[in-house]
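Working notes, beginning with the structure itself.
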Amino acid sequence: MKNLFKKDGIIIIIFILIFIFIRSINFQYHLNFSSDQASSSLKALDLWDKKEITLIGPSISFKYIGRELFTSSISYYYQLLFLLISNFNPVYSSYVFMLFSAFMLFPLYYGVKFLINKSSAITILIIYTLFPYYIDYTRFFWNPNFQLTLTPILIFFMGFYSKKNKDIYLFLLAFTAGLLMLFHYQYVPIIIGLLFYYFVIKKINLKKVLIFLSGVVLGFSPIILFELRNNFYNFQTLLLYIENINQVFKVKNNVFANYYFLSIYLFILILIINLIKKYITNKKAVFFTVTLIIIDLFIYGRTPRHAFGMADNWNYLYEEKVYKIIRNENVTNYNVVNLGYDTVAVVQKYLHRKDGIKFNYEDYYNNKYLFVVSKDNNFMRNPAYEVNTFKPSKIVKNWEINNIYKLYLLERVN
């Protein structure tokens with residue numbers, strides 16, 4: 001048995017090293033630390049400073065007539081762990097998150113091995129480690145990414161339940177599923193699928209079904225508690241969405257964006273691999289691994305024009321450059337606008353906040369100075385109120401950030 005775990009351990013460690021190596025290539029240039037990441041980091045930092053406990057977190061992408069469907073606050077506290085380890089540095093904290101994601105290969109491997117077999121587990125490691133889809137979404141902070149990188153724990157408990165057939169593992173896998181649904185509601189179809197798998201296919205008895213449901217409810221209890229305390233706000237909002245589904249979908253164009261299926265795809269992969277397991281051989285696995293490594297080196301070996309998920313010709317390093325310039329100017333009573341992708345410049349607000357620099361981030365009417373990131377100096381024609389209300393004003397200075405964007409310092413003229 002020791003030799004078996006030793007051999008398995010060597011395989012997993014090799015893939016962990018490959019996982020880290022591929023994602024480390026030009027890491028800071030690929031890193032997505034933009035509006036969503038900065039906003040959640042600001043909230044996590046605020047919760048840490050105030051030592052507050054809250055039940056709800058960010059809302060889902062879809063909104064309708066001012067109503068929002070909220071997820072749990074677990075993502076803030078989970079992200080806070082990585083921020084604390086790295087002293088709230090965006091690059092370092094994101095890298096620590098990536099390292100954590102790498103070590104989730106351990107539960108992923110053993111879960112699939114116990115569910116199917118060793119060759120299938122290795123195949124899953126190859127895909128999870130080397131497919132660009134999973135490389136891109138295991139490098140930066142985001143609710144679906146957190147959920148994805150914790151899903152191997154659920155798969156591990158599924159494998160152990162398959163191997164041991166003990167109620168405790170059924171409860172743990174159900175509890176984990178409920179807990180992971182706190183991050184993102186894409187886990188709803190996963191939980192339905194798990195219930196179908198165990199109740200219909202595996203034909204577990206009613207007692208085990210109740211164990212499963214109790215585990216899910218306990219894991220999801222923070223949102224249930226929020227609902228009980230707030231007159232079932234989320235449930236009422238969901239009903240409103242369903243009643244006006246066409247209008248809700250009109251508001252959002254990317255209804256079927258691939259990131260809504262991050263964790264779902266992982267389970268689909270396991271199902272597919274289970275169907276083709278007899279065709280998996282060591283030679284095919286080696287060829288598959290080498291081919292994907294070559295493709296990944298080609299994709300990620302070159303410095304990208306922009307970070308993943310960020311505006312063209314923009315990345316976090318440019319945000320840092322802007323922030324350093326702003327700090328070196330030593331002006332007061334100012335605000336910041338980024339016309340490249342985020343008019344309220346949330347990343348700049350986070351960088352200020354983490355360094356203890358406080359001002360009224362929301363006020364764009366009473367500031368004496370305004371820093372504007374723009375492709376040209378025609379920004380006063382931009383409809384964004386953050387800049388077009390800054391009148392009359394004059395350009396005091398400008399700095400080149402890259403060959404596309406400049407940073408301008410404006411002063412309000414009385």
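Labels for the structure tokens follow display order: chains A, B, ..., residues from 1 in each chain, ligands from 1.
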
Glu411 of chain A environment, 8 Å, only C-alpha atoms, sequence neighbours closer than 6 positions dropped, as a PyMOL selection string: chain A and resi 368-370+393-396

Saved selection, atoms kept: C-alpha atoms, as an mmCIF file, in the first residue's frame:
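Result went into selection03.cif, see below:
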```cif
data_model
loop_
_atom_site.group_PDB
_atom_site.id
_atom_site.type_symbol
_atom_site.label_atom_id
_atom_site.label_comp_id
_atom_site.auth_asym_id
_atom_site.auth_seq_id
_atom_site.Cartn_x
_atom_site.Cartn_y
_atom_site.Cartn_z
ATOM 1 C CA LYS A 368 -9.837 69.677 -7.466
ATOM 2 C CA TYR A 369 -7.729 67.268 -9.536
ATOM 3 C CA LEU A 370 -8.579 64.385 -11.814
ATOM 4 C CA SER A 393 -10.569 72.338 -16.352
ATOM 5 C CA LYS A 394 -7.095 72.294 -17.828
ATOM 6 C CA ILE A 395 -4.492 69.619 -18.497
ATOM 7 C CA VAL A 396 -1.572 70.086 -16.129
#
```

Test item: residues at most 7 Å from segment 167-184 of chain A, only C-alpha atoms, excluding those fewer than 2 positions along its chain, as a PyMOL selection string: chain A and resi 71-72+74-75+143-144+147+154+157-158+160-161+165+186-188+191+211-212+215-220

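Going from atom CA of Met310 of chain A to atom CA of Val337 of chain A covers 16.0 Å.
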
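Nearest residue to Lys284 of chain A, choosing from A:Leu150, A:Ile126, A:Ala44, A:Val200 and counting only C-alpha atoms: A:Ile126.
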
Would you please give, as a PDB file with N, CA and C atoms, in the first residue's frame, all residues of segment 312-400 of chain A that DSSP assigns to strand (DSSP E or B) based on the backbone?
```
ATOM      1  N   TYR A 334      -8.235  64.602  -5.072  1.00  0.00           N
ATOM      2  CA  TYR A 334      -8.288  64.147  -6.460  1.00  0.00           C
ATOM      3  C   TYR A 334      -9.132  62.875  -6.562  1.00  0.00           C
ATOM      4  N   ASN A 335      -9.397  62.510  -7.792  1.00  0.00           N
ATOM      5  CA  ASN A 335     -10.016  61.220  -8.078  1.00  0.00           C
ATOM      6  C   ASN A 335      -9.414  60.683  -9.376  1.00  0.00           C
ATOM      7  N   VAL A 336      -9.817  59.459  -9.744  1.00  0.00           N
ATOM      8  CA  VAL A 336      -9.187  58.782 -10.876  1.00  0.00           C
ATOM      9  C   VAL A 336     -10.254  58.216 -11.799  1.00  0.00           C
ATOM     10  N   VAL A 337      -9.993  58.319 -13.100  1.00  0.00           N
ATOM     11  CA  VAL A 337     -10.868  57.755 -14.127  1.00  0.00           C
ATOM     12  C   VAL A 337     -10.017  56.932 -15.083  1.00  0.00           C
ATOM     13  N   ASN A 338     -10.507  55.759 -15.443  1.00  0.00           N
ATOM     14  CA  ASN A 338      -9.835  54.959 -16.467  1.00  0.00           C
ATOM     15  C   ASN A 338     -10.827  54.750 -17.602  1.00  0.00           C
ATOM     16  N   ASP A 342     -12.817  50.959 -17.280  1.00  0.00           N
ATOM     17  CA  ASP A 342     -13.531  51.101 -16.005  1.00  0.00           C
ATOM     18  C   ASP A 342     -13.470  52.553 -15.571  1.00  0.00           C
ATOM     19  N   TYR A 369      -8.544  67.888  -8.484  1.00  0.00           N
ATOM     20  CA  TYR A 369      -7.729  67.268  -9.536  1.00  0.00           C
ATOM     21  C   TYR A 369      -8.383  65.977 -10.018  1.00  0.00           C
ATOM     22  N   LEU A 370      -8.074  65.630 -11.250  1.00  0.00           N
ATOM     23  CA  LEU A 370      -8.579  64.385 -11.814  1.00  0.00           C
ATOM     24  C   LEU A 370      -7.498  63.748 -12.672  1.00  0.00           C
ATOM     25  N   PHE A 371      -7.174  62.502 -12.339  1.00  0.00           N
ATOM     26  CA  PHE A 371      -6.254  61.713 -13.163  1.00  0.00           C
ATOM     27  C   PHE A 371      -7.091  60.891 -14.143  1.00  0.00           C
ATOM     28  N   VAL A 372      -6.762  60.982 -15.417  1.00  0.00           N
ATOM     29  CA  VAL A 372      -7.542  60.306 -16.452  1.00  0.00           C
ATOM     30  C   VAL A 372      -6.629  59.428 -17.300  1.00  0.00           C
ATOM     31  N   VAL A 373      -6.937  58.138 -17.369  1.00  0.00           N
ATOM     32  CA  VAL A 373      -6.257  57.237 -18.289  1.00  0.00           C
ATOM     33  C   VAL A 373      -7.073  57.218 -19.571  1.00  0.00           C
ATOM     34  N   SER A 374      -6.435  57.563 -20.688  1.00  0.00           N
ATOM     35  CA  SER A 374      -7.172  57.665 -21.945  1.00  0.00           C
ATOM     36  C   SER A 374      -6.230  57.416 -23.125  1.00  0.00           C
ATOM     37  N   SER A 393     -11.805  72.911 -16.871  1.00  0.00           N
ATOM     38  CA  SER A 393     -10.569  72.338 -16.352  1.00  0.00           C
ATOM     39  C   SER A 393      -9.447  72.496 -17.376  1.00  0.00           C
ATOM     40  N   LYS A 394      -8.242  72.230 -16.924  1.00  0.00           N
ATOM     41  CA  LYS A 394      -7.095  72.294 -17.828  1.00  0.00           C
ATOM     42  C   LYS A 394      -6.178  71.100 -17.568  1.00  0.00           C
ATOM     43  N   ILE A 395      -5.459  70.705 -18.631  1.00  0.00           N
ATOM     44  CA  ILE A 395      -4.492  69.619 -18.497  1.00  0.00           C
ATOM     45  C   ILE A 395      -3.199  70.180 -17.920  1.00  0.00           C
ATOM     46  N   VAL A 396      -2.788  69.631 -16.801  1.00  0.00           N
ATOM     47  CA  VAL A 396      -1.572  70.086 -16.129  1.00  0.00           C
ATOM     48  C   VAL A 396      -0.360  69.295 -16.594  1.00  0.00           C
ATOM     49  N   LYS A 397      -0.500  67.975 -16.648  1.00  0.00           N
ATOM     50  CA  LYS A 397       0.600  67.107 -17.048  1.00  0.00           C
ATOM     51  C   LYS A 397       0.041  65.891 -17.775  1.00  0.00           C
ATOM     52  N   ASN A 398       0.922  65.170 -18.452  1.00  0.00           N
ATOM     53  CA  ASN A 398       0.548  63.860 -19.001  1.00  0.00           C
ATOM     54  C   ASN A 398       1.762  62.958 -19.034  1.00  0.00           C
ATOM     55  N   TRP A 399       1.514  61.663 -18.935  1.00  0.00           N
ATOM     56  CA  TRP A 399       2.581  60.660 -18.929  1.00  0.00           C
ATOM     57  C   TRP A 399       2.189  59.524 -19.875  1.00  0.00           C
ATOM     58  N   GLU A 400       3.141  58.974 -20.553  1.00  0.00           N
ATOM     59  CA  GLU A 400       2.884  57.834 -21.431  1.00  0.00           C
ATOM     60  C   GLU A 400       2.922  56.553 -20.602  1.00  0.00           C
TER      61      GLU A 400
END
```

Using only C-alpha atoms: which of A:Ser34, A:Thr54, A:Asn382, A:Ser162 has the shortest distance to Tyr76 of chain A: A:Thr54

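If only C-alpha atoms are the atoms counted, then among A:Ile116, A:Leu17, A:Ile190, A:Met104 the closest residue to Ile276 of chain A is A:Ile116.
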
Shell around segment 80-82 of chain A at 12 Å using only C-alpha atoms, local window under 3 positions removed, as JSON, numbers by chain: {"A": [37, 40, 41, 42, 43, 44, 45, 46, 47, 48, 49, 51, 73, 74, 75, 76, 77, 85, 86, 87, 88, 89, 90, 91, 92, 93, 94, 95, 96, 97, 98, 99, 100, 101, 140, 141, 146]}

Backbone-only DSSP, alpha helix (DSSP H) members of segment 159-333 of chain A, as a PyMOL selection string: chain A and resi 159-164+167-181+187-196+206-219+221-229+233-243+245-251+262-276+282-300+316-329

One-decimal distance in Å that lies between atom CA of Phe379 of chain A and atom CA of Arg412 of chain A: 14.6 Å

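With atom CA of Leu262 of chain A on one side and atom CA of Asn145 of chain A on the other, the separation reads 7.6 Å.
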
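Each of A:Tyr64, A:Phe21, A:Phe261, A:Phe106 was compared to Asp8 of chain A using only C-alpha atoms, and A:Phe106 turns out to be the nearest.
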
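You can rank A:Ile270, A:Val112, A:Leu130, A:Leu69 by their closest distance to Glu227 of chain A using only C-alpha atoms, and at the top of that list sits A:Leu69.
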
Contact residues around Phe19 of chain A with only C-alpha atoms at 12 Å, ignoring same-chain residues under 2 positions, as JSON, numbers by chain: {"A": [12, 13, 14, 15, 16, 17, 21, 22, 23, 24, 25, 98, 99, 100, 101, 102, 103, 104, 105, 125, 126, 127, 128, 129, 130, 131, 132, 134, 135, 136, 138, 139, 289, 292, 293, 296]}

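With only C-alpha atoms as the atoms that count, the residue of A:Tyr109, A:Tyr365, A:Tyr405, A:Tyr260 with the shortest distance to Ala311 of chain A is A:Tyr405.
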
Contacts of Tyr364 of chain A within 8 Å, only C-alpha atoms, excl. fewer than 2 positions in-chain, as number ranges by chain: A: 335, 362, 366-367, 386-387, 389-390
